[in-house]
Amino acid sequence: MTTATTTPTTAADVPQVARKITTAIPGPRALEIQKDYDRYVTAGVGQHEPIFADSASGATITDVDGNRFIDLAAGIAVASVGNTAPEVTTAIQDQATKLLHTCFATTPYAGYVEVCKKLAELTPGSFPKKSILLNSGAEAVENAVKIARRYSGKSAVIVMENAFHGRTNLTMSMTTKASPYKAGFGGFAPDIYRVPFSYPLRDAFGADGAAAARAAIDKIRLLVDPGDVAAIIAEPVQGEGGFIVPATGFLEGLLTWAHENGIVYISDEIQSGFCRTGEWFASTHFAIVPDMITTAKAIGGGMPLSAVTGRAEIMDSVQRGGIGGTYSGNPVSCAAALAAIGIMEREDLPARAAHVGALADELLAPLAASSRVAEVRGLGAMIGIEFVKPGSLEPDGDIVRRILARAPQEGLIILSCGIYGNVIRLLPPLTISNEELTEAVRTLSAIAFEEMA
Ligand SMILES: *Cc1c(COP(=O)(O)O)cnc(C)c1O
């Protein structure tokens, strides 16, 4: 791309092709809805953008005022095959006219079984695998812990610093960040021990993942007897925590130690899974084969679905009826998932994710060279830009908040992350075109340079 190294001028100079902003943001219709929102919707759910989505296609979202935005969030890594992908939408429509719900434990249906078969085939590891389907990511993590405890007969759970695992009592207890996830929500679940994750930019070990693993293991030994530990759970690339890619050797060291000590190793691939990082599952980048994997987000093609997949002997250790749920593995969600997985296979979305990542890296080169950017990092199409005070490592969440406030005005949907809120994360649909991605990243870079000036 020849545009990659041209110095961005202002956001207004980037031609609006995929984007189209024709009203003030928020527009008049959005302002009307906002009134009822403020009156009837709890403030607790939070609101990133002052716009209301009306429709979406691929990597663009159109709001109720007819403004068009390029989507670099994909609903937090959900719309990986693109929003309203025709095959997914058709599968949902067909399924909705045939069978909406029975409760799988009451009257089973084939779609659920087929999704479990796909999970067994696609996840790392050549051993026999089984799955349970659920509704949300948090529910998958909850169930993975329940199953690991049942299997091992032990209760302690090891989690990582900067981890995010969800918002239910157990999973928020496993999550690191107090605000907004935990403040005022105690008492927390017991028997959870937190150890440092490899963070090459900031920890003492840098690229020496094996040393970072030894330090984490020392910390585990200090906190809890290994004989009491049911499971170690880690995101292979931390999502909410800041798109942190651990140094090679870190996850490998943890997994090896877990197995030496009869501990179940769980990869939380809810955000990193299903092609996002350039592999079907990010664990593959680290040559680790987890005992269990949690998935959600992209698996359902936009419909709520999650799963725990693991070694058959672990998954079968639970008494009949011990896990499940009324809605878990809904037939429409399963049909959507099978269609979405079909697109991922046919279009080779792992390769496409790698390409998206490489193109974004190239386009972000001028920004990466700024003294306000500590690092542009990530795997595949899971890209983080960490902002710092000039020439230091001091996190700068303020600049990220200013860039994010400008983004919708310029026709972009963008999210932040990071324990200090100082990382911009790019998670576009993997089907985004080169043109859309180029326009979006050039606009983002221009906004960032204007705000940093
Ligand atoms: C989003 C996420 C969760 C929680 O998923 P929900 O569907 O929001 O409950 C758990 N773990 C990771 C790594 C996530 O990114």
# chains A, B, ... in the order shown; residues from 1 in each chain; ligands from 1

call {"tool": "select_by_dssp", "arguments": {"residues": "segment 227-319 of chain A", "states": "alpha helix (DSSP H)", "output": "NGL selection string"}}
result
:A and (250-260 or 312-315)

call {"tool": "residues_near_ligand", "arguments": {"ligand": "ligand 1", "cutoff": "8 Å", "atoms": "only C-alpha atoms and all ligand atoms", "output": "VMD selection string"}}
result
chain A and resid 76 135 to 141 163 to 168 171 235 238 to 240 268 to 272 296 to 297 304 306

call {"tool": "closest_residue", "arguments": {"among": "A:Thr294, A:Thr277, A:Gln47, A:Thr123", "to": "Ala405 of chain A", "atoms": "only C-alpha atoms"}}
result
A:Gln47

call {"tool": "residues_around", "arguments": {"residues": "segment 378-395 of chain A", "least_positions_apart": "5", "cutoff": "6 Å", "atoms": "only C-alpha atoms", "output": "list in words"}}
result
Phe243, Arg276, Thr277, Gly278, Ala353, Ala354, Val356, Gly357, Ser371, Arg372, Val373, Asn422, Val423, Ile424, Arg425, Leu426 and Leu427 of chain A

call {"tool": "write_last_selection", "arguments": {"atoms": "N, CA and C atoms", "output": "PDB file, in the first residue's frame"}}
result
ATOM      1  N   PHE A 243      -4.781  -6.382  25.144  1.00  0.00           N
ATOM      2  CA  PHE A 243      -4.237  -7.042  23.954  1.00  0.00           C
ATOM      3  C   PHE A 243      -2.770  -7.385  24.178  1.00  0.00           C
ATOM      4  N   ARG A 276      -9.460 -15.194  14.753  1.00  0.00           N
ATOM      5  CA  ARG A 276      -9.103 -13.798  15.016  1.00  0.00           C
ATOM      6  C   ARG A 276      -7.603 -13.524  14.904  1.00  0.00           C
ATOM      7  N   THR A 277      -6.782 -14.431  15.442  1.00  0.00           N
ATOM      8  CA  THR A 277      -5.345 -14.135  15.531  1.00  0.00           C
ATOM      9  C   THR A 277      -4.530 -14.686  14.360  1.00  0.00           C
ATOM     10  N   GLY A 278      -5.216 -15.215  13.351  1.00  0.00           N
ATOM     11  CA  GLY A 278      -4.475 -15.780  12.223  1.00  0.00           C
ATOM     12  C   GLY A 278      -4.324 -17.289  12.332  1.00  0.00           C
ATOM     13  N   ALA A 353      -7.238 -13.118   8.466  1.00  0.00           N
ATOM     14  CA  ALA A 353      -6.919 -12.374   9.696  1.00  0.00           C
ATOM     15  C   ALA A 353      -5.448 -11.979   9.709  1.00  0.00           C
ATOM     16  N   ALA A 354      -4.589 -12.895   9.268  1.00  0.00           N
ATOM     17  CA  ALA A 354      -3.152 -12.594   9.217  1.00  0.00           C
ATOM     18  C   ALA A 354      -2.900 -11.450   8.243  1.00  0.00           C
ATOM     19  N   VAL A 356      -5.103  -9.070   7.321  1.00  0.00           N
ATOM     20  CA  VAL A 356      -5.647  -7.844   7.919  1.00  0.00           C
ATOM     21  C   VAL A 356      -4.640  -7.275   8.919  1.00  0.00           C
ATOM     22  N   GLY A 357      -4.051  -8.154   9.723  1.00  0.00           N
ATOM     23  CA  GLY A 357      -3.072  -7.708  10.710  1.00  0.00           C
ATOM     24  C   GLY A 357      -1.849  -7.088  10.062  1.00  0.00           C
ATOM     25  N   SER A 371       6.349   9.141  19.785  1.00  0.00           N
ATOM     26  CA  SER A 371       6.854   8.958  21.150  1.00  0.00           C
ATOM     27  C   SER A 371       5.706   8.752  22.136  1.00  0.00           C
ATOM     28  N   ARG A 372       4.457   8.957  21.680  1.00  0.00           N
ATOM     29  CA  ARG A 372       3.294   8.747  22.548  1.00  0.00           C
ATOM     30  C   ARG A 372       2.774   7.315  22.440  1.00  0.00           C
ATOM     31  N   VAL A 373       3.340   6.542  21.514  1.00  0.00           N
ATOM     32  CA  VAL A 373       2.896   5.156  21.341  1.00  0.00           C
ATOM     33  C   VAL A 373       4.023   4.223  21.771  1.00  0.00           C
ATOM     34  N   ASN A 422      -5.489   2.601  28.342  1.00  0.00           N
ATOM     35  CA  ASN A 422      -4.593   3.360  27.462  1.00  0.00           C
ATOM     36  C   ASN A 422      -4.243   2.617  26.175  1.00  0.00           C
ATOM     37  N   VAL A 423      -5.071   1.620  25.827  1.00  0.00           N
ATOM     38  CA  VAL A 423      -4.815   0.844  24.612  1.00  0.00           C
ATOM     39  C   VAL A 423      -6.037   0.949  23.695  1.00  0.00           C
ATOM     40  N   ILE A 424      -5.801   1.303  22.441  1.00  0.00           N
ATOM     41  CA  ILE A 424      -6.864   1.227  21.437  1.00  0.00           C
ATOM     42  C   ILE A 424      -6.785  -0.149  20.818  1.00  0.00           C
ATOM     43  N   ARG A 425      -7.929  -0.823  20.767  1.00  0.00           N
ATOM     44  CA  ARG A 425      -7.914  -2.174  20.199  1.00  0.00           C
ATOM     45  C   ARG A 425      -8.688  -2.199  18.893  1.00  0.00           C
ATOM     46  N   LEU A 426      -8.086  -2.825  17.911  1.00  0.00           N
ATOM     47  CA  LEU A 426      -8.734  -2.974  16.616  1.00  0.00           C
ATOM     48  C   LEU A 426      -9.122  -4.440  16.423  1.00  0.00           C
ATOM     49  N   LEU A 427     -10.422  -4.646  16.214  1.00  0.00           N
ATOM     50  CA  LEU A 427     -10.974  -5.995  16.038  1.00  0.00           C
ATOM     51  C   LEU A 427     -11.950  -5.991  14.876  1.00  0.00           C
TER      52      LEU A 427
END

call {"tool": "residues_around", "arguments": {"residues": "Cys116 of chain A", "least_positions_apart": "5", "cutoff": "9 Å", "atoms": "only C-alpha atoms", "output": "JSON, numbers by chain"}}
result
{"A": [111, 121, 129, 130, 131, 132, 133, 307, 309]}

call {"tool": "closest_residue", "arguments": {"among": "A:Arg377, A:Arg214, A:Lys20, A:Arg352", "to": "Ile244 of chain A", "atoms": "only C-alpha atoms"}}
result
A:Arg377

call {"tool": "select_by_dssp", "arguments": {"residues": "segment 129-334 of chain A", "states": "strand (DSSP E or B)", "output": "NGL selection string"}}
result
:A and (129-134 or 156-160 or 192-195 or 229-234 or 238 or 244 or 264-268 or 292-295 or 301 or 303 or 306-311)

call {"tool": "write_last_selection", "arguments": {"atoms": "N, CA and C atoms", "output": "tab-separated table (two decimals), in the first residue's frame"}}
result
chain	number	residue	atom	x	y	z
A	129	LYS	N	-12.40	-35.35	22.22
A	129	LYS	CA	-12.87	-34.13	22.88
A	129	LYS	C	-14.39	-34.10	22.91
A	130	LYS	N	-14.92	-33.49	23.95
A	130	LYS	CA	-16.37	-33.29	24.05
A	130	LYS	C	-16.64	-31.85	24.45
A	131	SER	N	-17.88	-31.40	24.22
A	131	SER	CA	-18.22	-30.01	24.50
A	131	SER	C	-19.56	-29.90	25.20
A	132	ILE	N	-19.76	-28.78	25.89
A	132	ILE	CA	-21.08	-28.33	26.32
A	132	ILE	C	-21.27	-26.95	25.70
A	133	LEU	N	-22.49	-26.67	25.24
A	133	LEU	CA	-22.80	-25.35	24.68
A	133	LEU	C	-23.58	-24.54	25.71
A	134	LEU	N	-23.29	-23.23	25.74
A	134	LEU	CA	-23.93	-22.33	26.69
A	134	LEU	C	-24.27	-21.03	25.98
A	156	ALA	N	-8.88	-24.89	44.11
A	156	ALA	CA	-8.21	-23.61	43.83
A	156	ALA	C	-8.10	-23.36	42.33
A	157	VAL	N	-8.22	-22.10	41.97
A	157	VAL	CA	-8.13	-21.69	40.57
A	157	VAL	C	-7.06	-20.60	40.46
A	158	ILE	N	-6.13	-20.78	39.52
A	158	ILE	CA	-5.08	-19.79	39.28
A	158	ILE	C	-5.48	-18.93	38.09
A	159	VAL	N	-5.49	-17.62	38.30
A	159	VAL	CA	-5.79	-16.69	37.21
A	159	VAL	C	-4.62	-15.72	37.04
A	160	MET	N	-4.68	-14.96	35.95
A	160	MET	CA	-3.56	-14.09	35.59
A	160	MET	C	-3.86	-12.63	35.94
A	192	ILE	N	-9.48	-18.21	44.61
A	192	ILE	CA	-8.92	-17.72	43.35
A	192	ILE	C	-7.59	-17.04	43.65
A	193	TYR	N	-6.53	-17.42	42.94
A	193	TYR	CA	-5.19	-16.88	43.19
A	193	TYR	C	-4.65	-16.28	41.90
A	194	ARG	N	-4.15	-15.04	42.02
A	194	ARG	CA	-3.74	-14.28	40.83
A	194	ARG	C	-2.23	-14.17	40.76
A	195	VAL	N	-1.67	-14.48	39.59
A	195	VAL	CA	-0.21	-14.41	39.42
A	195	VAL	C	0.11	-13.57	38.18
A	229	VAL	N	-4.71	-27.25	43.72
A	229	VAL	CA	-5.11	-26.45	42.55
A	229	VAL	C	-5.86	-27.31	41.53
A	230	ALA	N	-7.09	-26.88	41.20
A	230	ALA	CA	-7.88	-27.57	40.18
A	230	ALA	C	-7.45	-27.15	38.78
A	231	ALA	N	-7.26	-25.84	38.58
A	231	ALA	CA	-7.05	-25.36	37.21
A	231	ALA	C	-6.22	-24.09	37.17
A	232	ILE	N	-5.49	-23.94	36.07
A	232	ILE	CA	-4.88	-22.67	35.68
A	232	ILE	C	-5.65	-22.21	34.45
A	233	ILE	N	-6.10	-20.95	34.47
A	233	ILE	CA	-6.79	-20.43	33.29
A	233	ILE	C	-6.12	-19.14	32.83
A	234	ALA	N	-5.89	-19.06	31.52
A	234	ALA	CA	-5.27	-17.87	30.94
A	234	ALA	C	-5.83	-17.61	29.56
A	238	GLN	N	-4.26	-11.63	26.01
A	238	GLN	CA	-5.24	-10.98	26.89
A	238	GLN	C	-6.04	-9.95	26.11
A	244	ILE	N	-2.52	-8.05	25.27
A	244	ILE	CA	-1.16	-8.38	25.66
A	244	ILE	C	-0.80	-9.77	25.14
A	264	VAL	N	-5.52	-28.98	35.72
A	264	VAL	CA	-6.16	-28.81	34.41
A	264	VAL	C	-5.77	-27.45	33.85
A	265	TYR	N	-5.32	-27.40	32.58
A	265	TYR	CA	-4.96	-26.13	31.95
A	265	TYR	C	-6.09	-25.70	31.02
A	266	ILE	N	-6.63	-24.49	31.27
A	266	ILE	CA	-7.76	-23.97	30.49
A	266	ILE	C	-7.32	-22.72	29.72
A	267	SER	N	-7.55	-22.71	28.41
A	267	SER	CA	-7.33	-21.51	27.59
A	267	SER	C	-8.66	-20.80	27.41
A	268	ASP	N	-8.74	-19.54	27.84
A	268	ASP	CA	-9.94	-18.75	27.58
A	268	ASP	C	-9.75	-18.08	26.22
A	292	MET	N	-8.69	-27.80	28.25
A	292	MET	CA	-10.03	-27.26	27.97
A	292	MET	C	-9.89	-25.90	27.31
A	293	ILE	N	-10.87	-25.58	26.47
A	293	ILE	CA	-10.90	-24.27	25.81
A	293	ILE	C	-12.30	-23.69	25.97
A	294	THR	N	-12.38	-22.42	26.36
A	294	THR	CA	-13.67	-21.75	26.36
A	294	THR	C	-13.76	-20.87	25.12
A	295	THR	N	-14.93	-20.91	24.46
A	295	THR	CA	-15.16	-20.09	23.27
A	295	THR	C	-16.51	-19.39	23.40
A	301	GLY	N	-21.57	-16.19	15.03
A	301	GLY	CA	-21.84	-15.35	13.86
A	301	GLY	C	-22.73	-14.15	14.18
A	303	MET	N	-25.04	-14.43	16.92
A	303	MET	CA	-26.04	-14.94	17.85
A	303	MET	C	-25.35	-15.38	19.14
A	306	SER	N	-21.93	-19.97	23.40
A	306	SER	CA	-20.59	-20.18	23.93
A	306	SER	C	-20.40	-21.67	24.16
A	307	ALA	N	-19.16	-22.05	24.44
A	307	ALA	CA	-18.87	-23.48	24.59
A	307	ALA	C	-17.69	-23.71	25.51
A	308	VAL	N	-17.69	-24.87	26.13
A	308	VAL	CA	-16.50	-25.41	26.77
A	308	VAL	C	-16.18	-26.70	26.03
A	309	THR	N	-14.94	-26.79	25.55
A	309	THR	CA	-14.51	-27.99	24.84
A	309	THR	C	-13.29	-28.54	25.58
A	310	GLY	N	-13.26	-29.84	25.80
A	310	GLY	CA	-12.12	-30.37	26.54
A	310	GLY	C	-11.92	-31.85	26.32
A	311	ARG	N	-10.85	-32.34	26.94
A	311	ARG	CA	-10.58	-33.78	26.89
A	311	ARG	C	-11.81	-34.55	27.35

call {"tool": "closest_residue", "arguments": {"among": "A:Thr107, A:Leu437, A:Gly421, A:Met172", "to": "Glu142 of chain A", "atoms": "only C-alpha atoms"}}
result
A:Met172

call {"tool": "closest_residue", "arguments": {"among": "A:Ala337, A:Ala287, A:Leu223, A:Ala282", "to": "Gly249 of chain A", "atoms": "only C-alpha atoms"}}
result
A:Ala287

call {"tool": "closest_residue", "arguments": {"among": "A:Ile220, A:Ile343, A:Leu404, A:Ile399", "to": "Ser416 of chain A", "atoms": "only C-alpha atoms"}}
result
A:Leu404

call {"tool": "closest_residue", "arguments": {"among": "A:Ala407, A:Phe286, A:Cys275, A:Tyr199", "to": "Ser80 of chain A", "atoms": "only C-alpha atoms"}}
result
A:Cys275

call {"tool": "residues_around", "arguments": {"residues": "Gly262 of chain A", "least_positions_apart": "6", "cutoff": "12 Å", "atoms": "only C-alpha atoms", "output": "short mmCIF file (atom, residue, chain, number, x, y, z; two decimals) with all heavy atoms, in the first residue's frame"}}
result
data_model
loop_
_atom_site.label_atom_id
_atom_site.label_comp_id
_atom_site.auth_asym_id
_atom_site.auth_seq_id
_atom_site.Cartn_x
_atom_site.Cartn_y
_atom_site.Cartn_z
N ALA A 148 -13.55 -28.56 35.85
CA ALA A 148 -12.18 -28.83 36.31
C ALA A 148 -12.19 -29.21 37.79
O ALA A 148 -11.41 -30.08 38.23
CB ALA A 148 -11.29 -27.61 36.07
N ARG A 149 -13.03 -28.57 38.58
CA ARG A 149 -13.12 -28.91 40.01
C ARG A 149 -13.69 -30.31 40.21
O ARG A 149 -13.20 -31.09 41.02
CB ARG A 149 -13.99 -27.87 40.73
CG ARG A 149 -13.25 -26.56 40.96
CD ARG A 149 -14.15 -25.51 41.57
NE ARG A 149 -13.35 -24.37 42.05
CZ ARG A 149 -13.84 -23.18 42.33
NH1 ARG A 149 -15.14 -22.94 42.21
NH2 ARG A 149 -13.05 -22.21 42.77
N TYR A 151 -13.64 -32.79 38.11
CA TYR A 151 -12.70 -33.79 37.58
C TYR A 151 -11.54 -34.01 38.55
O TYR A 151 -11.14 -35.14 38.83
CB TYR A 151 -12.17 -33.32 36.24
CG TYR A 151 -11.04 -34.15 35.68
CD1 TYR A 151 -11.28 -35.41 35.14
CD2 TYR A 151 -9.73 -33.67 35.68
CE1 TYR A 151 -10.25 -36.18 34.63
CE2 TYR A 151 -8.69 -34.43 35.17
CZ TYR A 151 -8.96 -35.68 34.65
OH TYR A 151 -7.93 -36.43 34.16
N SER A 152 -10.99 -32.90 39.07
CA SER A 152 -9.77 -33.00 39.87
C SER A 152 -10.05 -33.27 41.34
O SER A 152 -9.16 -33.69 42.09
CB SER A 152 -8.97 -31.69 39.75
OG SER A 152 -9.70 -30.62 40.33
N GLY A 153 -11.28 -32.98 41.78
CA GLY A 153 -11.59 -33.09 43.20
C GLY A 153 -10.90 -32.01 44.02
O GLY A 153 -10.80 -32.12 45.24
N LYS A 154 -10.38 -30.97 43.35
CA LYS A 154 -9.70 -29.87 44.04
C LYS A 154 -10.44 -28.56 43.73
O LYS A 154 -11.31 -28.53 42.86
CB LYS A 154 -8.24 -29.80 43.55
CG LYS A 154 -7.49 -31.12 43.80
CD LYS A 154 -6.04 -31.04 43.39
CE LYS A 154 -5.84 -31.10 41.89
NZ LYS A 154 -4.42 -31.09 41.50
N PRO A 226 0.28 -26.63 45.37
CA PRO A 226 -0.11 -27.13 44.04
C PRO A 226 -1.09 -28.30 44.13
O PRO A 226 -1.92 -28.48 43.23
CB PRO A 226 1.22 -27.57 43.44
CG PRO A 226 2.26 -26.75 44.15
CD PRO A 226 1.73 -26.53 45.54
N GLY A 227 -1.03 -29.07 45.21
CA GLY A 227 -1.95 -30.20 45.39
C GLY A 227 -3.39 -29.77 45.61
O GLY A 227 -4.30 -30.61 45.59
N ASP A 228 -3.62 -28.48 45.84
CA ASP A 228 -4.98 -27.98 46.02
C ASP A 228 -5.54 -27.30 44.78
O ASP A 228 -6.67 -26.80 44.79
CB ASP A 228 -5.03 -26.95 47.18
CG ASP A 228 -4.76 -27.62 48.53
OD1 ASP A 228 -5.07 -28.82 48.67
OD2 ASP A 228 -4.25 -26.93 49.44
N VAL A 229 -4.71 -27.25 43.72
CA VAL A 229 -5.11 -26.45 42.55
C VAL A 229 -5.86 -27.31 41.53
O VAL A 229 -5.35 -28.33 41.05
CB VAL A 229 -3.87 -25.80 41.88
CG1 VAL A 229 -4.29 -25.04 40.62
CG2 VAL A 229 -3.17 -24.87 42.87
N ALA A 230 -7.09 -26.88 41.20
CA ALA A 230 -7.88 -27.57 40.18
C ALA A 230 -7.45 -27.15 38.78
O ALA A 230 -7.31 -27.99 37.89
CB ALA A 230 -9.37 -27.26 40.36
N ALA A 231 -7.26 -25.84 38.58
CA ALA A 231 -7.05 -25.36 37.21
C ALA A 231 -6.22 -24.09 37.17
O ALA A 231 -6.24 -23.28 38.09
CB ALA A 231 -8.40 -25.09 36.53
N ILE A 232 -5.49 -23.94 36.07
CA ILE A 232 -4.88 -22.67 35.68
C ILE A 232 -5.65 -22.21 34.45
O ILE A 232 -5.85 -22.98 33.52
CB ILE A 232 -3.39 -22.84 35.31
CG1 ILE A 232 -2.58 -23.27 36.53
CG2 ILE A 232 -2.84 -21.55 34.71
CD1 ILE A 232 -1.10 -23.51 36.22
N LEU A 255 1.80 -24.43 31.24
CA LEU A 255 1.08 -25.65 30.91
C LEU A 255 1.89 -26.89 31.34
O LEU A 255 1.34 -27.84 31.92
CB LEU A 255 0.75 -25.70 29.42
CG LEU A 255 -0.06 -26.93 28.99
CD1 LEU A 255 -1.17 -26.55 28.02
CD2 LEU A 255 0.82 -28.00 28.36
N THR A 256 3.18 -26.86 31.08
CA THR A 256 4.03 -28.00 31.46
C THR A 256 3.97 -28.22 32.97
O THR A 256 3.80 -29.35 33.45
CB THR A 256 5.48 -27.74 31.01
OG1 THR A 256 5.49 -27.53 29.59
CG2 THR A 256 6.39 -28.91 31.36
N ASP A 291 -6.06 -28.42 28.02
CA ASP A 291 -6.99 -29.50 28.35
C ASP A 291 -8.42 -29.10 28.06
O ASP A 291 -9.26 -29.93 27.74
CB ASP A 291 -6.85 -29.87 29.83
CG ASP A 291 -5.43 -30.28 30.16
OD1 ASP A 291 -4.91 -31.16 29.46
OD2 ASP A 291 -4.84 -29.69 31.09
#

call {"tool": "atom_distance", "arguments": {"atom1": "atom CA of Phe69 of chain A", "atom2": "atom CA of Leu31 of chain A"}}
result
17.5 Å
